[in-house]
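Enquirer: Coordinates in upload_9.cif, mmCIF, C-alpha atoms, are listed below.
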```
data_final
loop_
_atom_site.group_PDB
_atom_site.id
_atom_site.type_symbol
_atom_site.label_atom_id
_atom_site.label_comp_id
_atom_site.auth_asym_id
_atom_site.auth_seq_id
_atom_site.Cartn_x
_atom_site.Cartn_y
_atom_site.Cartn_z
ATOM 1 C CA MET A 1 -48.088 -8.193 5.617
ATOM 2 C CA ALA A 2 -45.785 -9.846 8.041
ATOM 3 C CA MET A 3 -43.035 -11.927 6.569
ATOM 4 C CA THR A 4 -42.630 -15.402 8.026
ATOM 5 C CA THR A 5 -39.551 -17.551 7.837
ATOM 6 C CA SER A 6 -39.767 -21.260 7.613
ATOM 7 C CA PRO A 7 -38.481 -23.206 10.667
ATOM 8 C CA SER A 8 -35.961 -25.144 8.588
ATOM 9 C CA VAL A 9 -34.116 -21.950 7.486
ATOM 10 C CA THR A 10 -33.894 -20.649 11.092
ATOM 11 C CA GLU A 11 -32.689 -24.014 12.388
ATOM 12 C CA ALA A 12 -29.998 -24.169 9.714
ATOM 13 C CA CYS A 13 -28.704 -20.705 10.656
ATOM 14 C CA VAL A 14 -28.624 -21.588 14.350
ATOM 15 C CA LYS A 15 -26.820 -24.872 13.635
ATOM 16 C CA ARG A 16 -24.203 -23.071 11.516
ATOM 17 C CA ALA A 17 -23.638 -20.494 14.237
ATOM 18 C CA VAL A 18 -23.255 -23.159 16.929
ATOM 19 C CA LEU A 19 -20.826 -25.183 14.792
ATOM 20 C CA GLY A 20 -18.790 -22.069 14.009
ATOM 21 C CA LEU A 21 -18.544 -21.103 17.682
ATOM 22 C CA SER A 22 -17.578 -24.616 18.745
ATOM 23 C CA ALA A 23 -14.857 -24.764 16.058
ATOM 24 C CA VAL A 24 -13.418 -21.464 17.305
ATOM 25 C CA GLY A 25 -13.547 -22.800 20.884
ATOM 26 C CA LEU A 26 -11.662 -25.953 19.910
ATOM 27 C CA VAL A 27 -8.923 -24.002 18.144
ATOM 28 C CA LEU A 28 -8.462 -21.651 21.092
ATOM 29 C CA SER A 29 -8.471 -24.444 23.682
ATOM 30 C CA ALA A 30 -5.831 -26.374 21.699
ATOM 31 C CA ALA A 31 -3.604 -23.284 21.630
ATOM 32 C CA VAL A 32 -3.982 -22.793 25.386
ATOM 33 C CA ALA A 33 -3.320 -26.480 26.090
ATOM 34 C CA ALA A 34 -0.159 -26.411 23.969
ATOM 35 C CA PHE A 35 1.182 -23.392 25.876
ATOM 36 C CA ALA A 36 0.131 -24.813 29.222
ATOM 37 C CA SER A 37 1.957 -28.112 28.783
ATOM 38 C CA PRO A 38 5.044 -28.520 30.971
ATOM 39 C CA VAL A 39 8.287 -29.590 29.319
ATOM 40 C CA LYS A 40 9.440 -32.995 30.571
ATOM 41 C CA GLY A 41 12.580 -35.009 29.954
ATOM 42 C CA ASP A 42 15.228 -37.362 31.283
ATOM 43 C CA ILE A 43 18.422 -36.271 32.990
ATOM 44 C CA PRO A 44 21.321 -38.270 31.569
ATOM 45 C CA THR A 45 23.167 -40.562 33.990
ATOM 46 C CA LEU A 46 25.826 -38.554 35.826
ATOM 47 C CA GLU A 47 28.692 -40.707 37.048
ATOM 48 C CA THR A 48 32.232 -40.019 38.242
ATOM 49 C CA THR A 49 34.573 -41.580 40.802
ATOM 50 C CA GLY A 50 32.557 -42.356 43.925
ATOM 51 C CA VAL A 51 29.172 -40.937 42.886
ATOM 52 C CA ALA A 52 26.352 -41.713 40.461
ATOM 53 C CA PHE A 53 23.070 -39.951 39.745
ATOM 54 C CA THR A 54 20.701 -42.245 37.831
ATOM 55 C CA GLY A 55 17.055 -42.437 36.808
ATOM 56 C CA GLY A 56 16.823 -38.649 36.625
ATOM 57 C CA LYS A 57 13.734 -36.912 35.313
ATOM 58 C CA TYR A 58 12.905 -33.218 35.052
ATOM 59 C CA VAL A 59 9.991 -30.881 34.366
ATOM 60 C CA PHE A 60 10.164 -27.215 33.420
ATOM 61 C CA ASN A 61 6.823 -26.179 34.912
ATOM 62 C CA ARG A 62 4.859 -23.628 32.930
ATOM 63 C CA PRO A 63 4.387 -20.096 34.274
ATOM 64 C CA GLY A 64 1.944 -20.068 37.177
ATOM 65 C CA VAL A 65 2.367 -23.742 38.126
ATOM 66 C CA ASN A 66 4.601 -24.563 41.109
ATOM 67 C CA HIS A 67 6.213 -21.083 40.786
ATOM 68 C CA GLY A 68 7.301 -21.934 37.216
ATOM 69 C CA ALA A 69 9.934 -24.142 38.869
ATOM 70 C CA PHE A 70 12.463 -26.581 37.510
ATOM 71 C CA GLU A 71 11.325 -29.819 39.160
ATOM 72 C CA TRP A 72 13.645 -32.808 39.199
ATOM 73 C CA SER A 73 14.067 -36.265 40.721
ATOM 74 C CA GLY A 74 16.436 -39.219 40.618
ATOM 75 C CA TRP A 75 18.657 -41.569 42.629
ATOM 76 C CA LEU A 76 21.925 -40.335 44.169
ATOM 77 C CA ARG A 77 24.288 -43.189 45.030
ATOM 78 C CA ASP A 78 27.623 -43.439 46.838
ATOM 79 C CA THR A 79 29.480 -45.924 44.625
ATOM 80 C CA ILE A 80 32.563 -46.327 46.859
ATOM 81 C CA GLY A 81 31.170 -46.942 50.326
ATOM 82 C CA ALA A 82 34.545 -47.703 51.921
ATOM 83 C CA ASP A 83 36.080 -44.290 51.139
ATOM 84 C CA GLN A 84 34.190 -42.497 53.976
ATOM 85 C CA HIS A 85 33.168 -39.602 51.660
ATOM 86 C CA ASN A 86 29.677 -38.251 51.202
ATOM 87 C CA VAL A 87 28.068 -37.447 47.834
ATOM 88 C CA TYR A 88 25.888 -34.579 46.659
ATOM 89 C CA VAL A 89 24.083 -33.097 43.684
ATOM 90 C CA GLU A 90 24.385 -29.414 42.857
ATOM 91 C CA LEU A 91 21.781 -27.499 40.904
ATOM 92 C CA LYS A 92 21.837 -23.950 39.591
ATOM 93 C CA VAL A 93 18.816 -22.199 38.089
ATOM 94 C CA GLN A 94 19.135 -18.919 36.238
ATOM 95 C CA GLY A 95 19.572 -16.001 38.606
ATOM 96 C CA HIS A 96 20.799 -18.080 41.576
ATOM 97 C CA ASP A 97 23.976 -19.720 42.812
ATOM 98 C CA TRP A 98 24.581 -23.471 43.172
ATOM 99 C CA VAL A 99 22.362 -25.326 45.679
ATOM 100 C CA ARG A 100 23.545 -28.622 47.227
ATOM 101 C CA TYR A 101 21.458 -31.676 48.012
ATOM 102 C CA TYR A 102 23.389 -34.273 50.001
ATOM 103 C CA GLY A 103 23.018 -38.030 49.783
ATOM 104 C CA LYS A 104 24.113 -40.580 52.403
ATOM 105 C CA GLN A 105 27.384 -42.431 52.719
ATOM 106 C CA ARG A 106 27.339 -46.081 51.604
ATOM 107 C CA SER A 107 23.771 -45.932 50.230
ATOM 108 C CA SER A 108 21.359 -44.632 47.597
ATOM 109 C CA VAL A 109 18.902 -41.807 48.209
ATOM 110 C CA LYS A 110 15.823 -40.833 46.184
ATOM 111 C CA LEU A 111 15.756 -37.059 45.631
ATOM 112 C CA HIS A 112 12.828 -34.957 44.391
ATOM 113 C CA HIS A 113 13.050 -31.148 44.534
ATOM 114 C CA SER A 114 11.832 -27.968 42.834
ATOM 115 C CA ASN A 115 14.054 -24.950 42.258
ATOM 116 C CA TRP A 116 12.997 -21.501 40.994
ATOM 117 C CA ASN A 117 13.839 -17.819 41.026
ATOM 118 C CA GLY A 118 11.122 -15.841 42.817
ATOM 119 C CA ALA A 119 11.717 -12.778 40.647
ATOM 120 C CA GLN A 120 10.777 -14.621 37.446
ATOM 121 C CA ARG A 121 7.498 -16.145 36.209
ATOM 122 C CA TYR A 122 9.196 -19.329 35.066
ATOM 123 C CA THR A 123 12.524 -21.138 34.962
ATOM 124 C CA GLY A 124 14.053 -21.743 31.561
ATOM 125 C CA GLU A 125 17.588 -22.891 32.378
ATOM 126 C CA ALA A 126 19.128 -25.251 34.926
ATOM 127 C CA ARG A 127 22.640 -26.649 35.395
ATOM 128 C CA PHE A 128 23.109 -29.969 37.120
ATOM 129 C CA ARG A 129 26.140 -31.892 38.435
ATOM 130 C CA ALA A 130 26.996 -34.765 40.784
ATOM 131 C CA CYS A 131 29.982 -34.609 43.170
ATOM 132 C CA ARG A 132 31.888 -36.561 45.820
ATOM 133 C CA ASP A 133 32.637 -34.514 48.945
ATOM 134 C CA ARG A 134 36.261 -35.260 49.844
ATOM 135 C CA GLY A 135 36.506 -32.969 52.846
ATOM 136 C CA THR A 136 38.188 -29.605 53.349
ATOM 137 C CA LEU A 137 41.782 -30.498 52.462
ATOM 138 C CA ARG A 138 41.168 -32.099 49.075
ATOM 139 C CA PRO A 139 39.037 -30.795 46.209
ATOM 140 C CA ASP A 140 35.716 -32.523 45.545
ATOM 141 C CA ASN A 141 35.419 -34.574 42.372
ATOM 142 C CA CYS A 142 32.558 -33.203 40.348
ATOM 143 C CA LEU A 143 31.279 -34.159 36.969
ATOM 144 C CA GLN A 144 31.160 -31.342 34.437
ATOM 145 C CA SER A 145 27.748 -29.701 34.730
ATOM 146 C CA LYS A 146 24.947 -30.622 32.332
ATOM 147 C CA MET A 147 22.771 -27.760 31.126
ATOM 148 C CA LEU A 148 19.053 -28.281 30.602
ATOM 149 C CA ASN A 149 17.002 -25.466 29.123
ATOM 150 C CA TYR A 150 13.744 -24.537 27.443
ATOM 151 C CA ASN A 151 12.798 -21.280 25.737
ATOM 152 C CA TRP A 152 9.253 -20.524 26.918
ATOM 153 C CA ASP A 153 9.071 -17.440 24.666
ATOM 154 C CA ARG A 154 9.488 -19.516 21.499
ATOM 155 C CA GLY A 155 7.565 -22.598 22.639
#
```
Translate the structure of the given file into structure tokens.
Expert:
Amino acid sequence: MAMTTSPSVTEACVKRAVLGLSAVGLVLSAAVAAFASPVKGDIPTLETTGVAFTGGKYVFNRPGVNHGAFEWSGWLRDTIGADQHNVYVELKVQGHDWVRYYGKQRSSVKLHHSNWNGAQRYTGEARFRACRDRGTLRPDNCLQSKMLNYNWDRG
């Protein structure tokens, strides 16, 4: 004699299996989404004699997105237009030296750049400072650098 199973028992087993698989899928997708999220924040206002960097924002991009770069933006402003000196922002990501991004004399400039080290999957540390370029005979006035970091290994 062949044994027959009622349709309601088979449907219940299939429903349980589908619900179990979808629950596992939700848990795994939430874990991936949490790891995949970039780290965003605000750069504090950097201001010293003759220069100001305001409205700064940054993103530590996750590995595999935009080279895992440190992406930043903000307004660089020459606050003493009559002094004939230019202004700049310097940025240093781990593994590289300082990189300069110049503004314009007597005005404000919107900056938006990405910096990364090609030998690494992601950037986890960046130093940032604003300076007034006073020429070759006098030292530039620079604000003490601000360090921004994120530990991707600990999340």
Enquirer: Give me the result of the PyMOL selection byres ((chain A and resi 68-75) around 9) on this file, residue by residue, as a PyMOL selection string.
Expert: chain A and resi 43+52-67+76-77+93+108-117+120-126
Enquirer: Between A:Gly50, A:Gly135, A:Gly118, A:Pro44, single out the one closest to Ala82 in chain A, counting all atoms listed in the file.
Expert: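 Using all atoms listed in the file, Ala82 in chain A sits closest to A:Gly50.
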Enquirer: Find the distance between CA of Thr45 in chain A and CA of Cys131 in chain A and write it in Å to one decimal.
Expert: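 It comes out at 12.9 Å.
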Enquirer: Quick one, how far is CA of Gly95 in chain A from CA of Arg138 in chain A?
Expert: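 CA of Gly95 in chain A sits 28.9 Å away from CA of Arg138 in chain A.
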Enquirer: Interatomic distance between CA of Thr49 in chain A and CA of Arg134 in chain A?
Expert: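 Calculated distance between CA of Thr49 in chain A and CA of Arg134 in chain A is 11.2 Å.
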Enquirer: A:Ser145, A:Thr136, A:Lys15, A:Asn86: which is nearest Glu47 in chain A, counting all atoms listed in the file?
Expert: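 Closest to Glu47 in chain A, using all atoms listed in the file: A:Ser145.
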Enquirer: So which residues touch Arg132 in chain A within 12 Å, counting only C-alpha atoms, skipping near sequence neighbours fewer than 3 positions away, as an MDAnalysis selection string?
Expert: chainID A and resid 46:53 76:81 83:90 100:105 129 135 138:143
Enquirer: A:Lys92, A:Arg106, A:Lys40, A:Arg16: which is nearest Met147 in chain A, counting only C-alpha atoms?
Expert: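 Looking at the shortest contact to Met147 in chain A, the residue is A:Lys92.
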